[in-house]
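**Q** Coordinates in start-v2.pdb, PDB, C-alpha atoms, are listed below.
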ATOM      1  CA  MET A   1     182.774  88.376  13.526
ATOM      2  CA  GLU A   2     184.691  91.567  14.032
ATOM      3  CA  LYS A   3     184.149  93.080  17.427
ATOM      4  CA  ILE A   4     182.432  96.431  17.215
ATOM      5  CA  SER A   5     182.682  99.298  19.626
ATOM      6  CA  LEU A   6     179.637  99.432  21.869
ATOM      7  CA  ASN A   7     179.422 103.153  21.144
ATOM      8  CA  ASP A   8     178.998 102.446  17.452
ATOM      9  CA  VAL A   9     175.862 100.340  17.408
ATOM     10  CA  GLU A  10     173.294 100.770  14.637
ATOM     11  CA  ILE A  11     170.689  98.220  15.639
ATOM     12  CA  LEU A  12     170.047  97.188  19.215
ATOM     13  CA  LEU A  13     167.958  94.023  19.260
ATOM     14  CA  VAL A  14     166.313  93.268  22.596
ATOM     15  CA  GLU A  15     164.839  89.769  22.376
ATOM     16  CA  ASP A  16     164.752  86.956  24.936
ATOM     17  CA  ASN A  17     163.844  84.220  22.463
ATOM     18  CA  ASP A  18     167.061  82.746  20.986
ATOM     19  CA  ASP A  19     165.371  81.418  17.848
ATOM     20  CA  ASP A  20     163.755  84.738  17.017
ATOM     21  CA  ALA A  21     167.002  86.582  17.697
ATOM     22  CA  LYS A  22     168.906  84.225  15.410
ATOM     23  CA  LEU A  23     166.323  84.550  12.627
ATOM     24  CA  THR A  24     166.419  88.322  12.915
ATOM     25  CA  THR A  25     170.213  88.450  12.756
ATOM     26  CA  LEU A  26     170.347  86.071   9.787
ATOM     27  CA  ALA A  27     167.704  88.044   7.914
ATOM     28  CA  LEU A  28     169.675  91.250   8.359
ATOM     29  CA  GLU A  29     172.936  89.556   7.434
ATOM     30  CA  LYS A  30     171.607  88.657   3.998
ATOM     31  CA  ASN A  31     171.199  92.316   3.154
ATOM     32  CA  LYS A  32     174.282  93.387   5.048
ATOM     33  CA  LEU A  33     172.215  95.430   7.467
ATOM     34  CA  ASN A  34     173.609  93.588  10.481
ATOM     35  CA  LYS A  35     176.993  95.288  10.506
ATOM     36  CA  ASN A  36     176.719  97.009  13.841
ATOM     37  CA  LEU A  37     174.141  94.928  15.615
ATOM     38  CA  VAL A  38     174.059  94.029  19.272
ATOM     39  CA  ARG A  39     171.577  91.572  20.714
ATOM     40  CA  LEU A  40     170.529  91.669  24.363
ATOM     41  CA  LYS A  41     168.372  89.126  26.181
ATOM     42  CA  ASP A  42     166.193  91.080  28.554
ATOM     43  CA  GLY A  43     164.959  94.503  29.573
ATOM     44  CA  GLU A  44     167.461  94.913  32.357
ATOM     45  CA  GLU A  45     170.394  94.473  29.976
ATOM     46  CA  ALA A  46     168.716  96.856  27.542
ATOM     47  CA  LEU A  47     168.379  99.621  30.140
ATOM     48  CA  ASP A  48     171.985  99.145  31.253
ATOM     49  CA  PHE A  49     173.123  99.370  27.636
ATOM     50  CA  ILE A  50     171.039 102.426  26.716
ATOM     51  CA  PHE A  51     171.801 104.346  29.902
ATOM     52  CA  ALA A  52     175.436 103.153  30.096
ATOM     53  CA  SER A  53     174.986 101.732  33.564
ATOM     54  CA  GLY A  54     175.595  98.409  35.377
ATOM     55  CA  LYS A  55     177.650  96.041  33.280
ATOM     56  CA  PHE A  56     177.899  98.602  30.459
ATOM     57  CA  GLU A  57     179.128 101.422  32.645
ATOM     58  CA  GLU A  58     182.739 101.031  31.548
ATOM     59  CA  THR A  59     182.202 100.277  27.871
ATOM     60  CA  ARG A  60     179.348 102.597  26.874
ATOM     61  CA  SER A  61     178.501 106.278  26.836
ATOM     62  CA  ILE A  62     174.905 107.516  26.822
ATOM     63  CA  SER A  63     175.940 110.126  24.241
ATOM     64  CA  PHE A  64     176.239 107.447  21.562
ATOM     65  CA  PRO A  65     172.767 105.984  21.227
ATOM     66  CA  PRO A  66     171.991 103.150  18.809
ATOM     67  CA  LYS A  67     170.280 104.312  15.604
ATOM     68  CA  LEU A  68     167.419 101.927  16.069
ATOM     69  CA  ILE A  69     166.049  99.770  18.874
ATOM     70  CA  LEU A  70     164.038  96.642  18.083
ATOM     71  CA  LEU A  71     162.225  95.811  21.298
ATOM     72  CA  ASP A  72     160.265  92.720  22.277
ATOM     73  CA  ILE A  73     157.513  93.172  24.875
ATOM     74  CA  ARG A  74     157.375  89.985  26.930
ATOM     75  CA  MET A  75     160.782  89.440  28.483
ATOM     76  CA  PRO A  76     162.181  88.329  31.846
ATOM     77  CA  LYS A  77     163.358  90.743  34.571
ATOM     78  CA  VAL A  78     162.246  94.018  33.004
ATOM     79  CA  ASN A  79     159.618  93.876  30.242
ATOM     80  CA  GLY A  80     159.618  95.855  27.010
ATOM     81  CA  ILE A  81     156.881  98.251  28.120
ATOM     82  CA  GLU A  82     158.999  99.415  31.040
ATOM     83  CA  VAL A  83     162.080  99.779  28.845
ATOM     84  CA  LEU A  84     160.068 101.843  26.347
ATOM     85  CA  GLN A  85     158.719 104.047  29.100
ATOM     86  CA  LYS A  86     162.198 104.758  30.487
ATOM     87  CA  ILE A  87     163.652 105.551  27.045
ATOM     88  CA  LYS A  88     160.814 107.893  26.106
ATOM     89  CA  CYS A  89     160.746 109.710  29.452
ATOM     90  CA  ALA A  90     164.430 110.637  29.495
ATOM     91  CA  PRO A  91     165.323 113.740  27.427
ATOM     92  CA  LEU A  92     168.677 112.204  26.469
ATOM     93  CA  THR A  93     167.175 109.085  24.944
ATOM     94  CA  LYS A  94     163.644 109.934  23.826
ATOM     95  CA  ALA A  95     164.628 110.723  20.232
ATOM     96  CA  ILE A  96     165.946 107.194  19.564
ATOM     97  CA  PRO A  97     163.523 105.369  17.253
ATOM     98  CA  VAL A  98     162.025 102.416  19.134
ATOM     99  CA  ILE A  99     160.214  99.767  17.107
ATOM    100  CA  ILE A 100     158.194  97.254  19.060
ATOM    101  CA  LEU A 101     158.665  93.824  17.478
ATOM    102  CA  THR A 102     156.430  91.306  19.175
ATOM    103  CA  SER A 103     154.108  88.376  18.678
ATOM    104  CA  SER A 104     151.327  90.178  20.550
ATOM    105  CA  LYS A 105     148.495  91.414  18.358
ATOM    106  CA  GLU A 106     146.466  92.504  21.332
ATOM    107  CA  ASP A 107     145.079  95.971  21.053
ATOM    108  CA  PRO A 108     145.727  96.973  24.690
ATOM    109  CA  ASP A 109     149.456  96.306  24.096
ATOM    110  CA  ILE A 110     149.384  98.297  20.864
ATOM    111  CA  GLN A 111     147.533 101.224  22.461
ATOM    112  CA  ARG A 112     149.847 101.259  25.439
ATOM    113  CA  CYS A 113     153.007 101.268  23.358
ATOM    114  CA  TYR A 114     151.831 104.165  21.184
ATOM    115  CA  ASN A 115     150.717 106.115  24.222
ATOM    116  CA  LEU A 116     154.172 105.673  25.736
ATOM    117  CA  GLY A 117     155.776 106.994  22.550
ATOM    118  CA  ALA A 118     156.754 103.893  20.546
ATOM    119  CA  ASN A 119     157.722 105.016  17.037
ATOM    120  CA  SER A 120     156.251 101.943  15.420
ATOM    121  CA  TYR A 121     154.698  98.596  16.332
ATOM    122  CA  VAL A 122     155.234  95.531  14.158
ATOM    123  CA  VAL A 123     153.801  92.065  14.733
ATOM    124  CA  LYS A 124     156.283  89.230  14.051
ATOM    125  CA  PRO A 125     155.037  87.170  11.121
ATOM    126  CA  ILE A 126     154.850  83.451  11.900
ATOM    127  CA  GLU A 127     155.901  82.280   8.461
ATOM    128  CA  TYR A 128     159.668  82.139   7.836
ATOM    129  CA  ASP A 129     159.872  84.011   4.514
ATOM    130  CA  LYS A 130     157.500  86.697   5.681
ATOM    131  CA  PHE A 131     159.546  87.109   8.858
ATOM    132  CA  ASN A 132     162.696  87.632   6.776
ATOM    133  CA  THR A 133     161.226  90.279   4.510
ATOM    134  CA  THR A 134     159.553  92.058   7.408
ATOM    135  CA  ILE A 135     162.819  92.383   9.339
ATOM    136  CA  ASN A 136     164.597  93.717   6.273
ATOM    137  CA  ASP A 137     161.808  96.154   5.474
ATOM    138  CA  ILE A 138     161.936  97.473   9.027
ATOM    139  CA  ALA A 139     165.718  97.909   8.958
ATOM    140  CA  TYR A 140     165.634  99.506   5.516
ATOM    141  CA  TYR A 141     162.930 101.995   6.462
ATOM    142  CA  TRP A 142     164.538 103.074   9.725
ATOM    143  CA  LEU A 143     168.147 103.121   8.538
ATOM    144  CA  LYS A 144     167.669 104.498   5.009
ATOM    145  CA  VAL A 145     164.321 106.297   4.695
ATOM    146  CA  ASN A 146     163.852 107.798   8.151
ATOM    147  CA  GLN A 147     165.958 110.789   9.115
ATOM    148  CA  PRO A 148     167.215 110.548  12.689
ATOM    149  CA  PRO A 149     168.357 113.595  14.660
ATOM    150  CA  SER A 150     172.099 114.129  14.368
ATOM    151  CA  LEU A 151     174.184 113.064  17.300
ATOM    152  CA  GLU A 152     176.079 116.307  17.780
ATOM    153  CA  ASN A 153     173.011 118.340  18.599
ATOM    154  CA  LEU A 154     171.060 115.747  20.493
ATOM    155  CA  TYR A 155     171.897 117.149  23.866
ATOM    156  CA  LEU A 156     171.620 120.881  23.358
TER
ATOM    157  CA  MET B   1     128.452 110.792  10.281
ATOM    158  CA  GLU B   2     131.901 109.249   9.996
ATOM    159  CA  MET B   3     134.803 109.926   7.682
ATOM    160  CA  ALA B   4     136.700 106.874   6.556
ATOM    161  CA  SER B   5     139.974 108.455   5.462
ATOM    162  CA  GLU B   6     142.896 106.264   6.454
ATOM    163  CA  ILE B   7     145.719 108.566   5.409
ATOM    164  CA  ILE B   8     145.616 112.283   6.119
ATOM    165  CA  LEU B   9     148.030 114.270   3.994
ATOM    166  CA  VAL B  10     148.676 117.775   5.279
ATOM    167  CA  GLU B  11     150.557 119.631   2.540
ATOM    168  CA  ASP B  12     150.250 123.190   1.215
ATOM    169  CA  ASN B  13     152.265 122.598  -1.952
ATOM    170  CA  LEU B  14     149.826 121.287  -4.559
ATOM    171  CA  SER B  15     152.364 119.669  -6.854
ATOM    172  CA  ASP B  16     153.974 117.835  -3.926
ATOM    173  CA  ALA B  17     150.525 116.717  -2.762
ATOM    174  CA  ASP B  18     149.758 115.432  -6.233
ATOM    175  CA  LEU B  19     153.025 113.526  -6.456
ATOM    176  CA  ILE B  20     152.540 112.007  -2.993
ATOM    177  CA  THR B  21     148.971 110.924  -3.764
ATOM    178  CA  ARG B  22     150.048 109.296  -7.047
ATOM    179  CA  ALA B  23     152.984 107.493  -5.451
ATOM    180  CA  LEU B  24     150.739 106.134  -2.699
ATOM    181  CA  ALA B  25     148.155 105.032  -5.263
ATOM    182  CA  LYS B  26     150.842 103.191  -7.229
ATOM    183  CA  SER B  27     151.828 101.158  -4.197
ATOM    184  CA  ASN B  28     148.181 100.310  -3.550
ATOM    185  CA  VAL B  29     147.944 101.934  -0.164
ATOM    186  CA  ALA B  30     146.035 105.061  -1.061
ATOM    187  CA  ASN B  31     142.431 104.014  -1.324
ATOM    188  CA  LYS B  32     141.339 106.415   1.369
ATOM    189  CA  ILE B  33     143.537 109.463   1.370
ATOM    190  CA  LEU B  34     142.382 112.930   2.352
ATOM    191  CA  HIS B  35     144.420 115.963   1.378
ATOM    192  CA  LEU B  36     144.240 118.983   3.694
ATOM    193  CA  LYS B  37     145.989 122.188   2.698
ATOM    194  CA  ASP B  38     147.199 123.727   5.915
ATOM    195  CA  GLY B  39     147.634 123.254   9.651
ATOM    196  CA  GLN B  40     144.306 124.855  10.481
ATOM    197  CA  GLU B  41     142.399 122.402   8.265
ATOM    198  CA  ALA B  42     144.339 119.525   9.824
ATOM    199  CA  LEU B  43     143.448 120.518  13.374
ATOM    200  CA  ASP B  44     139.808 121.149  12.440
ATOM    201  CA  TYR B  45     139.609 117.698  10.897
ATOM    202  CA  LEU B  46     141.363 115.791  13.681
ATOM    203  CA  PHE B  47     139.530 117.531  16.497
ATOM    204  CA  SER B  48     136.150 117.674  14.710
ATOM    205  CA  GLU B  49     135.936 121.442  14.648
ATOM    206  CA  GLY B  50     135.035 124.121  12.068
ATOM    207  CA  LYS B  51     133.590 122.530   8.965
ATOM    208  CA  TRP B  52     134.142 119.072  10.466
ATOM    209  CA  LYS B  53     132.048 119.786  13.542
ATOM    210  CA  GLY B  54     130.130 116.704  14.606
ATOM    211  CA  VAL B  55     132.073 114.398  12.275
ATOM    212  CA  LYS B  56     133.908 111.572  14.008
ATOM    213  CA  THR B  57     137.293 111.446  12.343
ATOM    214  CA  SER B  58     140.459 110.750  14.280
ATOM    215  CA  ASN B  59     139.754 107.148  15.286
ATOM    216  CA  LEU B  60     139.835 106.015  11.660
ATOM    217  CA  THR B  61     143.092 107.666  10.798
ATOM    218  CA  LYS B  62     145.946 105.203  10.380
ATOM    219  CA  LEU B  63     148.616 107.666   9.298
ATOM    220  CA  ILE B  64     149.167 111.407   9.206
ATOM    221  CA  LEU B  65     151.686 112.753   6.682
ATOM    222  CA  LEU B  66     152.610 116.209   7.827
ATOM    223  CA  ASP B  67     154.519 118.990   6.099
ATOM    224  CA  LEU B  68     156.276 121.495   8.379
ATOM    225  CA  LYS B  69     156.245 124.875   6.639
ATOM    226  CA  MET B  70     152.633 125.774   5.967
ATOM    227  CA  PRO B  71     150.479 128.902   6.136
ATOM    228  CA  LYS B  72     148.243 129.707   9.133
ATOM    229  CA  ILE B  73     149.370 126.971  11.505
ATOM    230  CA  SER B  74     152.737 125.265  11.071
ATOM    231  CA  GLY B  75     153.338 121.542  11.088
ATOM    232  CA  LEU B  76     155.214 121.787  14.393
ATOM    233  CA  GLU B  77     152.162 123.339  16.037
ATOM    234  CA  VAL B  78     149.910 120.616  14.594
ATOM    235  CA  LEU B  79     152.296 117.898  15.778
ATOM    236  CA  LYS B  80     152.389 119.377  19.261
ATOM    237  CA  LYS B  81     148.588 119.408  19.502
ATOM    238  CA  ILE B  82     148.240 115.843  18.184
ATOM    239  CA  LYS B  83     150.854 114.440  20.552
ATOM    240  CA  SER B  84     149.574 116.218  23.657
ATOM    241  CA  ASN B  85     146.000 114.979  23.340
ATOM    242  CA  GLU B  86     145.150 111.565  24.819
ATOM    243  CA  GLU B  87     142.847 110.630  21.932
ATOM    244  CA  THR B  88     145.099 111.617  19.060
ATOM    245  CA  LYS B  89     148.609 110.954  20.437
ATOM    246  CA  LYS B  90     148.510 107.314  19.396
ATOM    247  CA  ILE B  91     148.017 108.095  15.689
ATOM    248  CA  PRO B  92     151.302 107.598  13.801
ATOM    249  CA  VAL B  93     152.591 110.924  12.453
ATOM    250  CA  VAL B  94     155.302 111.025   9.806
ATOM    251  CA  VAL B  95     156.752 114.436   9.056
ATOM    252  CA  LEU B  96     157.465 114.676   5.320
ATOM    253  CA  THR B  97     159.309 117.884   4.613
ATOM    254  CA  SER B  98     162.028 119.506   2.559
ATOM    255  CA  SER B  99     163.718 120.761   5.723
ATOM    256  CA  LYS B 100     166.934 118.982   6.544
ATOM    257  CA  GLU B 101     167.665 121.412   9.333
ATOM    258  CA  ASP B 102     168.615 119.732  12.506
ATOM    259  CA  PRO B 103     166.682 122.059  14.844
ATOM    260  CA  ASP B 104     163.463 121.031  13.028
ATOM    261  CA  ILE B 105     164.381 117.344  13.217
ATOM    262  CA  GLN B 106     165.235 117.602  16.923
ATOM    263  CA  GLU B 107     162.064 119.500  17.722
ATOM    264  CA  CYS B 108     159.867 116.960  15.919
ATOM    265  CA  TYR B 109     161.397 114.031  17.796
ATOM    266  CA  LYS B 110     161.068 115.890  21.083
ATOM    267  CA  LEU B 111     157.386 116.481  20.372
ATOM    268  CA  GLY B 112     156.928 112.767  19.743
ATOM    269  CA  VAL B 113     156.901 112.381  15.957
ATOM    270  CA  ASN B 114     156.889 108.731  14.879
ATOM    271  CA  SER B 115     159.175 109.267  11.923
ATOM    272  CA  TYR B 116     160.833 112.116  10.016
ATOM    273  CA  VAL B 117     161.417 111.837   6.288
ATOM    274  CA  VAL B 118     163.171 114.408   4.091
ATOM    275  CA  LYS B 119     161.581 114.868   0.635
ATOM    276  CA  PRO B 120     164.220 113.847  -1.922
ATOM    277  CA  LEU B 121     164.836 116.403  -4.684
ATOM    278  CA  GLY B 122     164.420 114.335  -7.857
ATOM    279  CA  PHE B 123     160.945 113.225  -9.003
ATOM    280  CA  ASP B 124     161.810 109.518  -9.172
ATOM    281  CA  GLU B 125     163.531 109.506  -5.816
ATOM    282  CA  PHE B 126     160.628 111.364  -4.242
ATOM    283  CA  SER B 127     158.089 108.850  -5.626
ATOM    284  CA  LYS B 128     160.179 105.917  -4.488
ATOM    285  CA  THR B 129     160.552 107.288  -0.977
ATOM    286  CA  VAL B 130     156.822 107.946  -0.693
ATOM    287  CA  SER B 131     155.924 104.418  -1.788
ATOM    288  CA  GLN B 132     158.389 102.911   0.677
ATOM    289  CA  LEU B 133     156.953 105.099   3.378
ATOM    290  CA  GLY B 134     153.375 104.176   2.429
ATOM    291  CA  MET B 135     154.082 100.468   2.390
ATOM    292  CA  TYR B 136     155.861 100.565   5.713
ATOM    293  CA  TRP B 137     153.156 102.461   7.566
ATOM    294  CA  MET B 138     150.101 100.957   5.913
ATOM    295  CA  LEU B 139     151.196  97.342   5.511
ATOM    296  CA  LEU B 140     153.870  96.587   8.099
ATOM    297  CA  ASN B 141     153.114  98.878  10.977
ATOM    298  CA  GLN B 142     150.300  97.839  13.282
ATOM    299  CA  HIS B 143     148.162 100.820  14.221
ATOM    300  CA  PRO B 144     145.909 101.057  17.252
ATOM    301  CA  LYS B 145     142.199 100.385  16.675
TER
END
Take the structure in the file and write it out as structure tokens.
**A**
Amino acid sequence: MEKISLNDVEILLVEDNDDDAKLTTLALEKNKLNKNLVRLKDGEEALDFIFASGKFEETRSISFPPKLILLDIRMPKVNGIEVLQKIKCAPLTKAIPVIILTSSKEDPDIQRCYNLGANSYVVKPIEYDKFNTTINDIAYYWLKVNQPPSLENLYL
Amino acid sequence: MEMASEIILVEDNLSDADLITRALAKSNVANKILHLKDGQEALDYLFSEGKWKGVKTSNLTKLILLDLKMPKISGLEVLKKIKSNEETKKIPVVVLTSSKEDPDIQECYKLGVNSYVVKPLGFDEFSKTVSQLGMYWMLLNQHPK
């Protein structure tokens, strides 16, 4: 795979489960929506990536946010709720669409995510085919139907 | 008394409202859609005021489709009120507007809009976009109870 610039990422997938991450990537690949995708394994990596700190300090700039963040909730080190909270509290990052993609159907999780400003909350389907179509529908909606704010004016 | 409308469409343009309602019906997600004609009606409905006094409404709403440029109270004002109230902030709001102007887009995201969709110009494109939007928010997205 061609190496992409870390300032040119369309989809940031934050998922600790290797199987789910692989399924998600493969599903997107089929419809060529995986072009600029980066997968990270926990919340700490995600925060470093988004805020261009830690191990991403040299290779990333906060002024080039991903177009879409797919965020799992239960992850080691820093969980998805905390990542969501940090993204939505910072003026420089709060406009990035964050879609919670999780196996949790529990209403307290759902309520909490919306209250913290999640753009959307999708439960991972268990069945393989359904999982595939769901991932593609999510990517299609957020990359083709939704209108994101333009980068140039994001920080005025 | 309770109102069981799942989708609230706030749109002052009647032909757009008609097109949106039909497109949602076609994709089988529009069984309970309520059309309100301006920002004032939307706020009255969501906060149980005016003619909706005493009617419990907002906890049944799964999606609000909100136009921006409307008489009386603008969509931005409505969005601001929805997203700054603890009870209503969790309801998904999709702004559906003809404005492609970046200041509007920026402002909506800053106020906490869930999604921003520009109305396509052609009839077919518009219908297609609305059905995609309807299917995403009513079938894929998990809303709070």
**Q** Quick check: residues of chain A within 6 Å of chain B, all atoms listed in the file, returned as a list in words.
**A**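 Within 6 Å of chain B on chain A, we get Ala95, Ile110, Gln111, Tyr114, Asn115, Asn119, Tyr121, Val122, Asn146, Gln147 and Pro149 of chain A.
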**Q** Any chance you could work out the axis-aligned box around range 102-117 of chain A, listed atoms only, 8 Å on each side, giving centre and edge lengths in Å to one decimal, as JSON?
**A**
{"center_x": 150.8, "center_y": 97.7, "center_z": 22.0, "size_x": 27.4, "size_y": 34.6, "size_z": 23.4}
**Q** Can you list, as a PyMOL selection string, the residues that the PyMOL selection byres ((chain A and resi 94) around 12) selects here?
**A** (chain A and resi 50-51+62+65-69+83-93+95-98+116-119+148-149+154-155) or (chain B and resi 106-114)
**Q** What lies within 7 Å of range 127-144 of chain A using only C-alpha atoms, ignoring chain neighbours under 4 positions off, as a list in words?
**A** Thr24, Ala27 and Leu28 of chain A
**Q** Limited to C-alpha atoms, could you put the picked residues into a file as a compact mmCIF listing (two decimals), in the frame of the given file?
**A**
# COMPACT_ATOMS: atom_id res chain seq x y z
CA THR A 24 166.42 88.32 12.92
CA ALA A 27 167.70 88.04 7.91
CA LEU A 28 169.68 91.25 8.36
**Q** I'd like the neighbourhood of Leu70 in chain A as a PyMOL selection string, where a residue qualifies if any of its atoms comes within 6 Å (using all atoms listed in the file), though same-chain residues fewer than 2 positions away should be ignored.
**A** chain A and resi 13+99-100
**Q** Could you produce a table of the residues of range 46-73 of chain B lying within 8 Å of range 7-11 of chain B, with the nearest pair of atoms per residue and their separation in Å rounded to one decimal, using only C-alpha atoms, ordered by chain and increasing residue number, as a tab-separated table?
**A**
residue	atom	partner	partner_atom	distance
B:Thr61	CA	B:Ile7	CA	6.1
B:Lys62	CA	B:Ile7	CA	6.0
B:Leu63	CA	B:Ile7	CA	4.9
B:Ile64	CA	B:Ile8	CA	4.8
B:Leu65	CA	B:Leu9	CA	4.8
B:Leu66	CA	B:Val10	CA	4.9
B:Asp67	CA	B:Glu11	CA	5.4
B:Met70	CA	B:Glu11	CA	7.3
**Q** Please measure the separation of CA of Ser104 in chain A and CA of Asn34 in chain A, giving the value in Å to one decimal.
**A**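 About the pair CA of Ser104 in chain A and CA of Asn34 in chain A: they are 24.7 Å apart.
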**Q** Kindly resolve the PyMOL selection byres ((chain B and resi 57) around 12) on the present coordinates and return the residues as a ChimeraX atom specification.
**A** /B:1-8,34,42-49,52-56,58-62,87-88,91
**Q** Written as a PyMOL selection string, which residues does the PyMOL selection byres ((chain A and resi 54-58) around 12) give for the file shown?
**A** chain A and resi 5-7+40+44-53+59-62
**Q** Mind giving me the straight-line distance from CA of Asp38 in chain B to CA of Gly75 in chain B in Å, one decimal?
**A** 8.3 Å
**Q** Choose the residue, out of B:Arg22, B:Gln40, B:Val29, B:Met138, that has the smallest atom-to-atom separation from Ser74 in chain B; count all atoms listed in the file.
**A**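 The shortest atom-to-atom distance to Ser74 in chain B comes from B:Gln40.
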**Q** Find the residue from B:Phe123, B:Leu76, B:Lys69, B:Ser27 that sits nearest to Ser15 in chain B; use only C-alpha atoms when measuring.
**A** B:Phe123
**Q** Distance CA of Leu71 in chain A-CA of Lys22 in chain A, one decimal place?
**A**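 Between CA of Leu71 in chain A and CA of Lys22 in chain A the gap is 14.6 Å.
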**Q** Could I get range 106-121 of chain A rebuilt with N, CA and C atoms, written as an mmCIF file, in the frame of the given file?
**A**
data_model
loop_
_atom_site.group_PDB
_atom_site.id
_atom_site.type_symbol
_atom_site.label_atom_id
_atom_site.label_comp_id
_atom_site.auth_asym_id
_atom_site.auth_seq_id
_atom_site.Cartn_x
_atom_site.Cartn_y
_atom_site.Cartn_z
ATOM 1 N N GLU A 106 147.560 92.014 20.494
ATOM 2 C CA GLU A 106 146.466 92.504 21.332
ATOM 3 C C GLU A 106 146.412 94.017 21.383
ATOM 4 N N ASP A 107 145.209 94.527 21.152
ATOM 5 C CA ASP A 107 145.079 95.971 21.053
ATOM 6 C C ASP A 107 145.515 96.739 22.312
ATOM 7 N N PRO A 108 145.242 96.219 23.520
ATOM 8 C CA PRO A 108 145.727 96.973 24.690
ATOM 9 C C PRO A 108 147.250 97.168 24.675
ATOM 10 N N ASP A 109 147.996 96.163 24.210
ATOM 11 C CA ASP A 109 149.456 96.306 24.096
ATOM 12 C C ASP A 109 149.805 97.391 23.078
ATOM 13 N N ILE A 110 149.116 97.337 21.938
ATOM 14 C CA ILE A 110 149.384 98.297 20.864
ATOM 15 C C ILE A 110 149.106 99.722 21.350
ATOM 16 N N GLN A 111 147.931 99.897 21.947
ATOM 17 C CA GLN A 111 147.533 101.224 22.461
ATOM 18 C C GLN A 111 148.567 101.741 23.453
ATOM 19 N N ARG A 112 148.936 100.872 24.373
ATOM 20 C CA ARG A 112 149.847 101.259 25.439
ATOM 21 C C ARG A 112 151.202 101.702 24.882
ATOM 22 N N CYS A 113 151.705 100.932 23.938
ATOM 23 C CA CYS A 113 153.007 101.268 23.358
ATOM 24 C C CYS A 113 152.969 102.618 22.649
ATOM 25 N N TYR A 114 151.911 102.865 21.860
ATOM 26 C CA TYR A 114 151.831 104.165 21.184
ATOM 27 C C TYR A 114 151.677 105.294 22.190
ATOM 28 N N ASN A 115 150.887 105.064 23.226
ATOM 29 C CA ASN A 115 150.717 106.115 24.222
ATOM 30 C C ASN A 115 152.019 106.437 24.943
ATOM 31 N N LEU A 116 152.885 105.435 25.074
ATOM 32 C CA LEU A 116 154.172 105.673 25.736
ATOM 33 C C LEU A 116 155.221 106.245 24.772
ATOM 34 N N GLY A 117 154.859 106.358 23.496
ATOM 35 C CA GLY A 117 155.776 106.994 22.550
ATOM 36 C C GLY A 117 156.550 106.057 21.640
ATOM 37 N N ALA A 118 156.095 104.797 21.506
ATOM 38 C CA ALA A 118 156.754 103.893 20.546
ATOM 39 C C ALA A 118 156.676 104.528 19.164
ATOM 40 N N ASN A 119 157.754 104.443 18.381
ATOM 41 C CA ASN A 119 157.722 105.016 17.037
ATOM 42 C C ASN A 119 156.919 104.155 16.085
ATOM 43 N N SER A 120 156.978 102.835 16.314
ATOM 44 C CA SER A 120 156.251 101.943 15.420
ATOM 45 C C SER A 120 156.043 100.604 16.137
ATOM 46 N N TYR A 121 155.039 99.860 15.691
ATOM 47 C CA TYR A 121 154.698 98.596 16.332
ATOM 48 C C TYR A 121 154.511 97.568 15.220
#
